[in-house]
Amino acid sequence: MLPLAAQTLVVDRPLAGGPRIAQLVERGAKGAYADAFRIGAAGEVWMIQAVRVWAIPSSAPSCPSGLGDQIERITLYGALDNPPIPGVPVCDCHALVALTTAALRPGNGVSTNPAVIVTPEKGAYRLDFRDVRWSVPGDSETLFTVRVMPRRNPACNAAAGWGLAASPAKPDYRLHLLNDKGVPVGLEPQRRQPRMIHIQVWAERTK
């Protein structure tokens with residue numbers, strides 16, 4: 001596993017010093033939100049080796065404060081965007097797939113997967129997914145999200161409060177919608193205050 005310094009940073013939306021907005025991931029029975037990025041040029045192929053995002057778990061008074069006491073497992077999902085075609089049924093084969101996952105230890109929230117590192121940072125949790133080995137074509141709309149399996153706690157709906165750190169985006173920016181099977185089904189309606197999820201991606205060109 002190469003250190004990040006030895007890889008190429010190809011997407012850089014870092015967690016800045018301004019106010020951190022928690023963009024909720026889950027949409028209840030409707031599915032979830034995903035964001036997107038592009039790397040490289042058409043005709044190229046890139047191998048994504050590492051992905052970094054920042055998580056902001058539920059702050060509800062009924063939920064434990066420790067990440068590992070709220071969340072049992074975290075999973076990075078990704079796929080190329082396949083926008084729905086009017087009049088054509090949505091195919092489940094286009095669903096985002098689990099790229100890497102990790103169980104969290106109760107109490108300290110340490111990952112049991114050495115390729116997933118959880119670090120408290122600036123009031124959030126930095127999630128480093130290493131050794132991802134995700135091959136994507138250049139200049140393609142590439143979707144990602146991080147979803148969780150909460151611990152059993154009737155008093156705390158941890159999944160509903162799970163968010164990824166985001167910041168204000170351009171007026172026409174919109175997140176992607178996933179249905180209950182994780183299939184992309186289009187873009188969210190225009191928001192008054194659109195958001196872009198913070199992410200950093202390290203990759204190398206293979207073609």
# chains A, B, ... in the order shown; residues from 1 in each chain; ligands from 1

call {"tool": "residues_around", "arguments": {"residues": "A:Met196", "least_positions_apart": "5", "cutoff": "10 Å", "atoms": "only C-alpha atoms", "output": "list in words"}}
result
Arg13, Ile21, Gln23, Ala34, Asp35, Ala36, Leu164, Ala165, Ala166, Ser167, Pro168, Ala169, Lys170, Tyr173, Arg174 and Leu175 of chain A

call {"tool": "write_last_selection", "arguments": {"atoms": "C-alpha atoms", "output": "PDB file, in the first residue's frame"}}
result
ATOM      1  CA  ARG A  13     -12.097  19.415  -2.255  1.00  0.00           C
ATOM      2  CA  ILE A  21     -22.179  21.557   6.870  1.00  0.00           C
ATOM      3  CA  GLN A  23     -24.974  16.791   4.168  1.00  0.00           C
ATOM      4  CA  ALA A  34     -24.424  10.757  -3.818  1.00  0.00           C
ATOM      5  CA  ASP A  35     -21.983  13.331  -5.172  1.00  0.00           C
ATOM      6  CA  ALA A  36     -19.716  13.135  -8.209  1.00  0.00           C
ATOM      7  CA  LEU A 164     -20.721  13.884   5.080  1.00  0.00           C
ATOM      8  CA  ALA A 165     -18.998  17.244   5.417  1.00  0.00           C
ATOM      9  CA  ALA A 166     -19.994  19.647   2.653  1.00  0.00           C
ATOM     10  CA  SER A 167     -19.771  23.317   1.743  1.00  0.00           C
ATOM     11  CA  PRO A 168     -21.875  25.763  -0.302  1.00  0.00           C
ATOM     12  CA  ALA A 169     -21.673  25.167  -4.059  1.00  0.00           C
ATOM     13  CA  LYS A 170     -22.475  27.123  -7.205  1.00  0.00           C
ATOM     14  CA  TYR A 173     -24.892  22.468  -8.499  1.00  0.00           C
ATOM     15  CA  ARG A 174     -27.022  19.449  -7.616  1.00  0.00           C
ATOM     16  CA  LEU A 175     -26.364  16.176  -5.832  1.00  0.00           C
TER      17      LEU A 175
END

call {"tool": "residues_around", "arguments": {"residues": "stretch 120-128 of chain A", "least_positions_apart": "4", "cutoff": "9 Å", "atoms": "only C-alpha atoms", "output": "ChimeraX atom specification"}}
result
/A:15,17,20,50-57,67,115-116,164-165

call {"tool": "select_by_dssp", "arguments": {"residues": "stretch 69-106 of chain A", "states": "strand (DSSP E)", "output": "list in words"}}
result
Ile71, Glu72, Arg73, Ile74, Thr75, Leu76, Tyr77, Gly78, Ala79, Leu80, Val97, Ala98, Leu99, Thr100, Thr101, Ala102 and Ala103 of chain A

call {"tool": "residues_around", "arguments": {"residues": "A:Thr75", "least_positions_apart": "6", "cutoff": "12 Å", "atoms": "only C-alpha atoms", "output": "list of chain:residue names"}}
result
A:Val51, A:Val53, A:Ala55, A:Leu96, A:Val97, A:Ala98, A:Leu99, A:Thr100, A:Thr101, A:Ala102, A:Ala103, A:Leu104, A:Ser111, A:Asn113, A:Ala115, A:Val116, A:Leu127, A:Asp128, A:Phe129, A:Val132, A:Phe144, A:Thr145, A:Val146, A:Arg147, A:Val148, A:Met149, A:Pro150

call {"tool": "select_by_dssp", "arguments": {"residues": "stretch 3-206 of chain A", "states": "helix (DSSP H, G or I)", "output": "MDAnalysis selection string"}}
result
chainID A and resid 4:6 28:30 67:70 92:94

call {"tool": "closest_residue", "arguments": {"among": "A:Pro83, A:Pro64, A:Pro14, A:Pro137", "to": "A:Asn153", "atoms": "only C-alpha atoms"}}
result
A:Pro64

call {"tool": "atom_distance", "arguments": {"atom1": "atom CA of A:Pro19", "atom2": "atom CA of A:Tyr33"}}
result
20.8 Å

call {"tool": "closest_residue", "arguments": {"among": "A:Leu177, A:Ala42, A:Ile117, A:Ala79", "to": "A:Ser135", "atoms": "only C-alpha atoms"}}
result
A:Ala79

call {"tool": "closest_residue", "arguments": {"among": "A:Gly109, A:Gly186, A:Gly31, A:Pro89", "to": "A:Gly68", "atoms": "only C-alpha atoms"}}
result
A:Gly109

call {"tool": "atom_distance", "arguments": {"atom1": "atom CA of A:Leu143", "atom2": "atom CA of A:Tyr77"}}
result
8.2 Å

call {"tool": "atom_distance", "arguments": {"atom1": "atom CA of A:Thr112", "atom2": "atom CA of A:Trp162"}}
result
19.9 Å

call {"tool": "closest_residue", "arguments": {"among": "A:Pro114, A:Pro84, A:Pro61, A:Gly163", "to": "A:His176", "atoms": "only C-alpha atoms"}}
result
A:Pro84

call {"tool": "closest_residue", "arguments": {"among": "A:Val11, A:Ala203, A:Ile74, A:Ala159", "to": "A:Arg27", "atoms": "only C-alpha atoms"}}
result
A:Ala159

call {"tool": "closest_residue", "arguments": {"among": "A:Leu76, A:Cys91, A:Val110, A:Ile71", "to": "A:Ser58", "atoms": "only C-alpha atoms"}}
result
A:Ile71

call {"tool": "residues_around", "arguments": {"residues": "A:Asp172", "least_positions_apart": "4", "cutoff": "9 Å", "atoms": "only C-alpha atoms", "output": "NGL selection string"}}
result
:A and (190-191 or 194)

call {"tool": "decode", "arguments": {"residues": "stretch 167-199 of chain A", "atoms": "C-alpha atoms", "output": "PDB file, in the first residue's frame"}}
result
ATOM      1  CA  SER A 167     -19.771  23.317   1.743  1.00  0.00           C
ATOM      2  CA  PRO A 168     -21.875  25.763  -0.302  1.00  0.00           C
ATOM      3  CA  ALA A 169     -21.673  25.167  -4.059  1.00  0.00           C
ATOM      4  CA  LYS A 170     -22.475  27.123  -7.205  1.00  0.00           C
ATOM      5  CA  PRO A 171     -26.188  27.931  -7.714  1.00  0.00           C
ATOM      6  CA  ASP A 172     -26.656  25.266 -10.409  1.00  0.00           C
ATOM      7  CA  TYR A 173     -24.892  22.468  -8.499  1.00  0.00           C
ATOM      8  CA  ARG A 174     -27.022  19.449  -7.616  1.00  0.00           C
ATOM      9  CA  LEU A 175     -26.364  16.176  -5.832  1.00  0.00           C
ATOM     10  CA  HIS A 176     -27.320  12.840  -7.375  1.00  0.00           C
ATOM     11  CA  LEU A 177     -30.250  10.773  -6.137  1.00  0.00           C
ATOM     12  CA  LEU A 178     -30.069   7.018  -5.538  1.00  0.00           C
ATOM     13  CA  ASN A 179     -33.160   4.876  -5.160  1.00  0.00           C
ATOM     14  CA  ASP A 180     -33.644   2.324  -2.382  1.00  0.00           C
ATOM     15  CA  LYS A 181     -31.428  -0.146  -4.290  1.00  0.00           C
ATOM     16  CA  GLY A 182     -28.595   2.339  -4.758  1.00  0.00           C
ATOM     17  CA  VAL A 183     -29.344   2.952  -8.439  1.00  0.00           C
ATOM     18  CA  PRO A 184     -28.815   6.508  -9.777  1.00  0.00           C
ATOM     19  CA  VAL A 185     -32.186   8.008 -10.707  1.00  0.00           C
ATOM     20  CA  GLY A 186     -31.235  11.576 -11.597  1.00  0.00           C
ATOM     21  CA  LEU A 187     -30.419  14.844  -9.881  1.00  0.00           C
ATOM     22  CA  GLU A 188     -32.003  16.406  -6.837  1.00  0.00           C
ATOM     23  CA  PRO A 189     -34.317  19.407  -7.334  1.00  0.00           C
ATOM     24  CA  GLN A 190     -32.578  22.771  -7.399  1.00  0.00           C
ATOM     25  CA  ARG A 191     -31.786  23.940  -3.864  1.00  0.00           C
ATOM     26  CA  ARG A 192     -31.782  27.463  -2.569  1.00  0.00           C
ATOM     27  CA  GLN A 193     -28.405  26.684  -0.967  1.00  0.00           C
ATOM     28  CA  PRO A 194     -26.756  23.844  -2.949  1.00  0.00           C
ATOM     29  CA  ARG A 195     -24.003  21.742  -1.373  1.00  0.00           C
ATOM     30  CA  MET A 196     -20.870  19.985  -2.566  1.00  0.00           C
ATOM     31  CA  ILE A 197     -19.396  17.136  -0.508  1.00  0.00           C
ATOM     32  CA  HIS A 198     -15.732  17.425   0.453  1.00  0.00           C
ATOM     33  CA  ILE A 199     -13.538  14.712  -1.048  1.00  0.00           C
TER      34      ILE A 199
END
